[in-house]
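Read through the structure below, which is laid out as structure tokens, and then see the notes.
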Amino acid sequence: MAFGFVLVGGRSERMGRDKALLPYRGRTMALHQVEKAAFVCGRAALVGKDPEPFRGSGYLFVRDEAEPHAAIYGVLAALAYSPEDVNLVLAADMPRVSEAFLASLLEVAEVFAAPVVAPVSGGSVQTLCSVWRRSALLPLTGRVLRGSLALVEAIAELGGVLIPEEETAAMPGGEPEAFANVNRPEDYAALTKDS
């Protein structure tokens, strides 16, 4: 069994307001994502700095207590909380990623004993649409203590498995558009126009 975590702790500087709270398909983007994670994993939680906007959501909130804003802190908080070995980590601002892709990603991760499995799409490692094992917790903590916060470098150092771009594209829902982040107002306008 896996546990799903949706990271909602970003600063949203380019958007100018909290991306995780933007309306999408009748709910916030954060709730849209955590519902998908719960559907695929059986249970899911939100991970971030401030639980207040998510009170009453019906989902557990795991607090990322680190003062700096960096995705690695959200991953650490998720792994430290999780009772499961296998953990899906998903960004709140990737609403086009489908349940079918997430389920397929978990299947691929089950095949490997790697501490992390991440797809590659659009020439980039999709660090916030990935599967992490609890065994990554101590090495990630060590990286943070050394001041090394980049998740791509962490995945390489941990011996993570990267799903090549062509294999990612062949997975259900693995087209490059699925991984488009909603970072700026124009990204959000395009997202809501498409839905």
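Simple scheme: letters A, B, ... for chains in structure tokens order, numbers from 1 for residues in each chain, numbers from 1 for ligands in the order shown.
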For A:Leu145, work out the shell of residues within 12 Å, counting only C-alpha atoms and skipping chain neighbours fewer than 5 positions away, then give it as a PyMOL selection string. chain A and resi 66+72-73+138-140
Using DSSP on the backbone coordinates, identify all residues within chain A classified as helix (DSSP H, G or I); present the result as a PyMOL selection string. chain A and resi 19-21+29-41+52-54+71-81+99-111+134-145+151-157+165-170+176-179+185-194
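Atom CA of A:Ala77 to atom CA of A:Asp50 spans 13.2 Å [interatomic distance, one decimal].
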What lies within 9 Å of stretch 149-158 of chain A using only C-alpha atoms, ignoring chain neighbours under 4 positions off, as a short mmCIF file (atom, residue, chain, number, x, y, z; two decimals) with C-alpha atoms, in the first residue's frame?
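For reference, selection_34.cif as written:
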data_model
loop_
_atom_site.label_atom_id
_atom_site.label_comp_id
_atom_site.auth_asym_id
_atom_site.auth_seq_id
_atom_site.Cartn_x
_atom_site.Cartn_y
_atom_site.Cartn_z
CA ALA A 70 12.12 24.35 -0.63
CA ALA A 71 10.35 21.26 -1.93
CA ILE A 72 12.85 18.96 -0.22
CA TYR A 73 11.41 20.02 3.15
CA ALA A 114 15.11 2.28 -5.58
CA PRO A 115 14.61 4.97 -2.93
CA VAL A 116 12.88 7.18 -5.52
CA VAL A 117 11.34 6.76 -8.96
CA ALA A 118 10.65 9.85 -11.05
CA VAL A 125 12.98 15.25 -14.03
CA GLN A 126 9.49 15.54 -12.56
CA THR A 127 10.62 15.60 -8.94
CA LEU A 128 7.17 16.54 -7.63
CA ALA A 136 15.26 8.06 1.47
CA PRO A 139 19.96 10.50 3.17
CA LEU A 140 17.65 13.45 2.38
CA ARG A 143 21.61 16.57 2.26
CA VAL A 144 19.58 19.27 4.00
CA LEU A 162 14.46 7.94 -13.78
#
Who sits within 7 Å of stretch 87-101 of chain A, only C-alpha atoms, same chain under 3 positions skipped, as a count of residues only: 32
Could you state the separation of atom CA of A:Arg27 and atom CA of A:Ala109 in Å, given to one decimal place? 29.5 Å
What parts of stretch 3-162 of chain A does DSSP call strand (DSSP E)? I'd like the answer as a count of residues only. 39
Please indicate the distance in Å from atom CA of A:Gly123 to atom CA of A:Ile163, rounded to one decimal place.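 Between these atoms lies a distance of 11.7 Å.
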Closest of A:Ala45, A:Ala170, A:Leu102, A:Leu76 to A:Leu137 - atom-to-atom distances counting only C-alpha atoms: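 Ranking A:Ala45, A:Ala170, A:Leu102, A:Leu76 by distance to A:Leu137, first place goes to A:Leu76.
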Pick the closest to A:Glu167 from A:Val111, A:Ala44, A:Ala189, A:Val120: which is it, counting only C-alpha atoms?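 Of all the options, A:Val120 lies closest to A:Glu167.
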So that I can see what lies close to A:Glu65, please list as number ranges by chain the residues with an atom at most 8 Å from it, counting only C-alpha atoms and leaving out residues fewer than 2 positions away in the same chain. A: 49, 63, 67, 77
Residues as selected, C-alpha atoms, written as a PDB file, in the first residue's frame, can you do that?
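Result file out.pdb:
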ATOM      1  CA  LYS A  49       3.613  25.412   6.089  1.00  0.00           C
ATOM      2  CA  ARG A  63       3.185  20.425   8.713  1.00  0.00           C
ATOM      3  CA  GLU A  67      11.496  27.980   7.805  1.00  0.00           C
ATOM      4  CA  ALA A  77       7.941  16.025   6.231  1.00  0.00           C
TER       5      ALA A  77
END
Using only C-alpha atoms, pick whichever of A:Met1, A:Gly26, A:Val75, A:Pro68 has the shortest atom-to-atom distance to A:Arg43. A:Met1
Pick from A:Leu31, A:Gly42, A:Ser148, A:Leu79: nearest to A:Gly56, with only C-alpha atoms counted?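 Among the listed residues, A:Leu31 lies closest to A:Gly56.
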